[in-house]
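Below: the structure, in structure tokens.
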Amino acid sequence: MRGVMAEGRRTRVLSSVVLALACPIAFACSLAFGETVTFSLPELLSGGTGNGLDVVDARVFELRLGRALVATAVGAALALSGALLQGLFRNPLASPSVLGVTSGAALGASLALVILGGLGPASLLRVASGMPLVFVPAAAFIGAIAVTLVLLAIGSRGASSSMLLLCGIGLASLCGGLVQTVQSIVLSDWELSASITAWSFGSLEDRSWVHAVPVAIPVVLALGAVPFVHRELDLLAYGEDDARALGVRARLLRIEVIVLSSLLSASAVAIAGQIAFIGLVVPNFVRLLLGVRHGRLLPITALSGGTLLLVVDLLQRTLLATTSLQPGALLSLVGAPVFLLLIILERRGQGSW
């Protein structure tokens, strides 16, 4: 018995190391490879110090660096948000999209795009018609926070986690229906309709390190909160009544986790649009490898989310460079079969919740 436990511990440690190293490796590959220019390791190091590259290559390196930073931050935020929500609701299907946070952000962005006359989210810092396009991600963030405030109001009245989850599903359906309504109203304006569609499936085009900062800040805050919530989330897995008996303040924990997860997903969607399945698949995949202890699960999940979006973006820029497939659509095509596989493995008892 002791040998089995030791073997399981070694497996979890090895898996943690592999998943942690995968993120910087994917980041380096994202910088090195692309449709036109490939950088060697010495060139990557020299590019990072601002020496050794000509003007054109230095500009390519700068563009890839900004895009890679945004992909890492957005992937980490979405995955970490999903892991927190799944721990809170004790449900592997919980994710920011299920709670309606991403749908609220999409609704805010869609309304902002209509006000701006159909200018898409790719040029977030340009100015048109006297109004800066930073209004679009700001409106997306406001939409996500509005949904969060509704959930918090419901939770403050003593609603259970199951009730909050059902309310989130209802809010997600409502916001999704409103987005479709807005898009159907402006359907005759092809450019505007295309902008709303582009936001709905996410984009990493024309992003720089400036766009990574608003996403990285909530990620750092959430990781800083892990030591204060991971034990409570572990105890909550045994049920709310048992957790309360062990000293867990379930209502306060719900508010803390919902606020953190909403900030994470709202900032990610505000910068990159809706990118599906990261907050759903990545936490489940990491949980299969590392177990259910949130102290190690949450940080590794954040790194794995960044890794996944970096890899998807690299595939989009290399193998799928001639197509216009957006990261949200590509992740849906890849994530759905993987998620079905995870469910099958769990049903067979290879992973426990």
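Here, A, B, ... name the chains of the structure tokens in the order displayed, residue numbers run from 1 inside each chain, and ligands are numbered from 1 in the same displayed order.
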Item to check | All residues 12 Å or closer to A:His294, only C-alpha atoms, same chain fewer than 3 positions away omitted, as a ChimeraX atom specification | outcome: /A:80,83-88,223,225-237,283,286-287,290-291,297-302
Checklist outcome for this item: Using only C-alpha atoms, the best pick from A:Leu187, A:Ala32, A:Ala112, A:Leu289 as closest to A:Leu14 would be A:Leu289
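Proximity ranking of A:Ala73, A:Val282, A:Val269, A:Ala222 relative to A:Ala140 places A:Val269 first, based on only C-alpha atoms.
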Checklist entry - Between A:Ser110, A:Ser162, A:Ser193, A:Ser188, which has the minimum distance to A:Arg254 (counting only C-alpha atoms)? => result A:Ser162
Checklist outcome for this item: Pairwise distance, atom CA of A:Phe27 with atom CA of A:Leu45, equals 13.0 Å
Next on the checklist: Using Å and a single decimal, report how far atom CA of A:Leu333 sits from atom CA of A:Ser304.
Outcome noted: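 Separating atom CA of A:Ser304 from atom CA of A:Leu333 is a distance of 18.4 Å.
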Checklist entry - Out of A:Ala216, A:Leu53, A:Ala109, A:Leu331, which residue has the shortest atom-to-atom distance to A:Gln183 when counting only C-alpha atoms? => result A:Ala109
Checklist entry - stretch 17-51 of chain A: which residues are helix (DSSP H, G or I) by DSSP, as a ChimeraX atom specification? => result /A:17-32,41-48
With N, CA and C atoms retained, could you export that selection as an mmCIF file, in the first residue's frame?
```cif
data_model
loop_
_atom_site.group_PDB
_atom_site.id
_atom_site.type_symbol
_atom_site.label_atom_id
_atom_site.label_comp_id
_atom_site.auth_asym_id
_atom_site.auth_seq_id
_atom_site.Cartn_x
_atom_site.Cartn_y
_atom_site.Cartn_z
ATOM 1 N N VAL A 17 6.118 18.497 -13.212
ATOM 2 C CA VAL A 17 7.326 19.038 -13.835
ATOM 3 C C VAL A 17 7.147 19.147 -15.341
ATOM 4 N N VAL A 18 6.594 18.103 -15.948
ATOM 5 C CA VAL A 18 6.400 18.112 -17.405
ATOM 6 C C VAL A 18 5.442 19.228 -17.821
ATOM 7 N N LEU A 19 4.327 19.356 -17.118
ATOM 8 C CA LEU A 19 3.355 20.390 -17.464
ATOM 9 C C LEU A 19 3.914 21.790 -17.230
ATOM 10 N N ALA A 20 4.718 21.945 -16.179
ATOM 11 C CA ALA A 20 5.314 23.255 -15.898
ATOM 12 C C ALA A 20 6.336 23.631 -16.963
ATOM 13 N N LEU A 21 7.141 22.652 -17.424
ATOM 14 C CA LEU A 21 8.146 22.941 -18.445
ATOM 15 C C LEU A 21 7.536 23.138 -19.821
ATOM 16 N N ALA A 22 6.351 22.583 -20.037
ATOM 17 C CA ALA A 22 5.725 22.686 -21.357
ATOM 18 C C ALA A 22 5.401 24.136 -21.718
ATOM 19 N N CYS A 23 5.083 24.957 -20.722
ATOM 20 C CA CYS A 23 4.705 26.343 -21.005
ATOM 21 C C CYS A 23 5.869 27.163 -21.557
ATOM 22 N N PRO A 24 7.036 27.205 -20.898
ATOM 23 C CA PRO A 24 8.139 27.957 -21.502
ATOM 24 C C PRO A 24 8.611 27.389 -22.832
ATOM 25 N N ILE A 25 8.516 26.078 -23.011
ATOM 26 C CA ILE A 25 8.897 25.485 -24.295
ATOM 27 C C ILE A 25 7.941 25.948 -25.388
ATOM 28 N N ALA A 26 6.645 25.909 -25.101
ATOM 29 C CA ALA A 26 5.656 26.380 -26.081
ATOM 30 C C ALA A 26 5.838 27.866 -26.361
ATOM 31 N N PHE A 27 6.199 28.635 -25.337
ATOM 32 C CA PHE A 27 6.429 30.074 -25.517
ATOM 33 C C PHE A 27 7.607 30.303 -26.458
ATOM 34 N N ALA A 28 8.703 29.566 -26.257
ATOM 35 C CA ALA A 28 9.877 29.702 -27.123
ATOM 36 C C ALA A 28 9.552 29.293 -28.560
ATOM 37 N N CYS A 29 8.786 28.217 -28.720
ATOM 38 C CA CYS A 29 8.392 27.788 -30.072
ATOM 39 C C CYS A 29 7.498 28.826 -30.736
ATOM 40 N N SER A 30 6.640 29.466 -29.956
ATOM 41 C CA SER A 30 5.773 30.494 -30.509
ATOM 42 C C SER A 30 6.583 31.674 -31.031
ATOM 43 N N LEU A 31 7.693 31.976 -30.375
ATOM 44 C CA LEU A 31 8.573 33.038 -30.853
ATOM 45 C C LEU A 31 9.405 32.594 -32.048
ATOM 46 N N ALA A 32 9.820 31.336 -32.055
ATOM 47 C CA ALA A 32 10.765 30.868 -33.066
ATOM 48 C C ALA A 32 10.118 30.614 -34.416
ATOM 49 N N LEU A 41 17.778 29.474 -31.645
ATOM 50 C CA LEU A 41 17.866 29.787 -30.223
ATOM 51 C C LEU A 41 18.783 30.982 -29.958
ATOM 52 N N PRO A 42 19.971 31.049 -30.576
ATOM 53 C CA PRO A 42 20.795 32.254 -30.364
ATOM 54 C C PRO A 42 20.092 33.532 -30.818
ATOM 55 N N GLU A 43 19.339 33.465 -31.922
ATOM 56 C CA GLU A 43 18.616 34.644 -32.392
ATOM 57 C C GLU A 43 17.500 35.031 -31.425
ATOM 58 N N LEU A 44 16.845 34.019 -30.837
ATOM 59 C CA LEU A 44 15.822 34.322 -29.835
ATOM 60 C C LEU A 44 16.427 35.053 -28.650
ATOM 61 N N LEU A 45 17.591 34.559 -28.201
ATOM 62 C CA LEU A 45 18.240 35.192 -27.062
ATOM 63 C C LEU A 45 18.724 36.594 -27.412
ATOM 64 N N SER A 46 19.261 36.755 -28.611
ATOM 65 C CA SER A 46 19.725 38.085 -29.010
ATOM 66 C C SER A 46 18.563 39.022 -29.261
ATOM 67 N N GLY A 47 17.452 38.464 -29.795
ATOM 68 C CA GLY A 47 16.269 39.304 -30.005
ATOM 69 C C GLY A 47 15.690 39.771 -28.703
ATOM 70 N N GLY A 48 15.746 38.907 -27.688
ATOM 71 C CA GLY A 48 15.228 39.295 -26.392
ATOM 72 C C GLY A 48 16.036 40.389 -25.734
#
```
Checklist entry - For the atom pair atom CA of A:Glu62 and atom CA of A:Asp206, what is the interatomic distance in Å to one decimal place? => result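 Between atom CA of A:Glu62 and atom CA of A:Asp206 the gap is 11.1 Å.
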Checklist entry - For A:Gly295, which residue out of A:Thr11, A:Leu320, A:Leu65, A:Gly224 is the nearest one, using only C-alpha atoms? => result A:Gly224
Checklist entry - If we count only C-alpha atoms, what is near A:Gly273 at a cut-off of 10 Å, once residues fewer than 6 positions away on the same chain are taken out, given as a list of chain:residue names? => result A:Val74, A:Thr102, A:Ala105, A:Ala106, A:Ala109, A:Pro121, A:Ala122, A:Pro137, A:Ala140, A:Ile196, A:Thr197, A:Ala198, A:Trp199, A:Ser200, A:Phe201, A:Gly202, A:Ser203, A:Leu204, A:Ala266, A:Ser267, A:Pro327, A:Gly328
Export of the given selection (C-alpha atoms) as an mmCIF file, in the first residue's frame:
```cif
data_model
loop_
_atom_site.group_PDB
_atom_site.id
_atom_site.type_symbol
_atom_site.label_atom_id
_atom_site.label_comp_id
_atom_site.auth_asym_id
_atom_site.auth_seq_id
_atom_site.Cartn_x
_atom_site.Cartn_y
_atom_site.Cartn_z
ATOM 1 C CA VAL A 74 -5.406 34.672 -21.662
ATOM 2 C CA THR A 102 -18.125 35.227 -20.979
ATOM 3 C CA ALA A 105 -18.639 40.089 -21.893
ATOM 4 C CA ALA A 106 -19.656 39.183 -25.444
ATOM 5 C CA ALA A 109 -18.555 43.983 -26.685
ATOM 6 C CA PRO A 121 -11.669 44.344 -31.771
ATOM 7 C CA ALA A 122 -8.303 43.768 -33.462
ATOM 8 C CA PRO A 137 -12.823 45.699 -24.289
ATOM 9 C CA ALA A 140 -16.850 43.639 -22.525
ATOM 10 C CA ILE A 196 -19.432 40.619 -33.785
ATOM 11 C CA THR A 197 -18.753 37.133 -35.133
ATOM 12 C CA ALA A 198 -14.988 37.677 -34.885
ATOM 13 C CA TRP A 199 -15.359 38.719 -31.256
ATOM 14 C CA SER A 200 -17.503 35.658 -30.540
ATOM 15 C CA PHE A 201 -14.701 33.282 -31.589
ATOM 16 C CA GLY A 202 -11.733 35.214 -30.246
ATOM 17 C CA SER A 203 -8.700 36.798 -31.860
ATOM 18 C CA LEU A 204 -5.026 37.272 -31.032
ATOM 19 C CA ALA A 266 -13.685 39.076 -17.906
ATOM 20 C CA SER A 267 -10.166 40.368 -18.495
ATOM 21 C CA PRO A 327 -8.602 30.258 -32.058
ATOM 22 C CA GLY A 328 -12.037 29.834 -30.483
#
```
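Among the candidates A:Leu152, A:Ile115, A:Ala270, A:Leu69, the residue lying nearest to A:Val186 is A:Ile115 (atoms considered: only C-alpha atoms).
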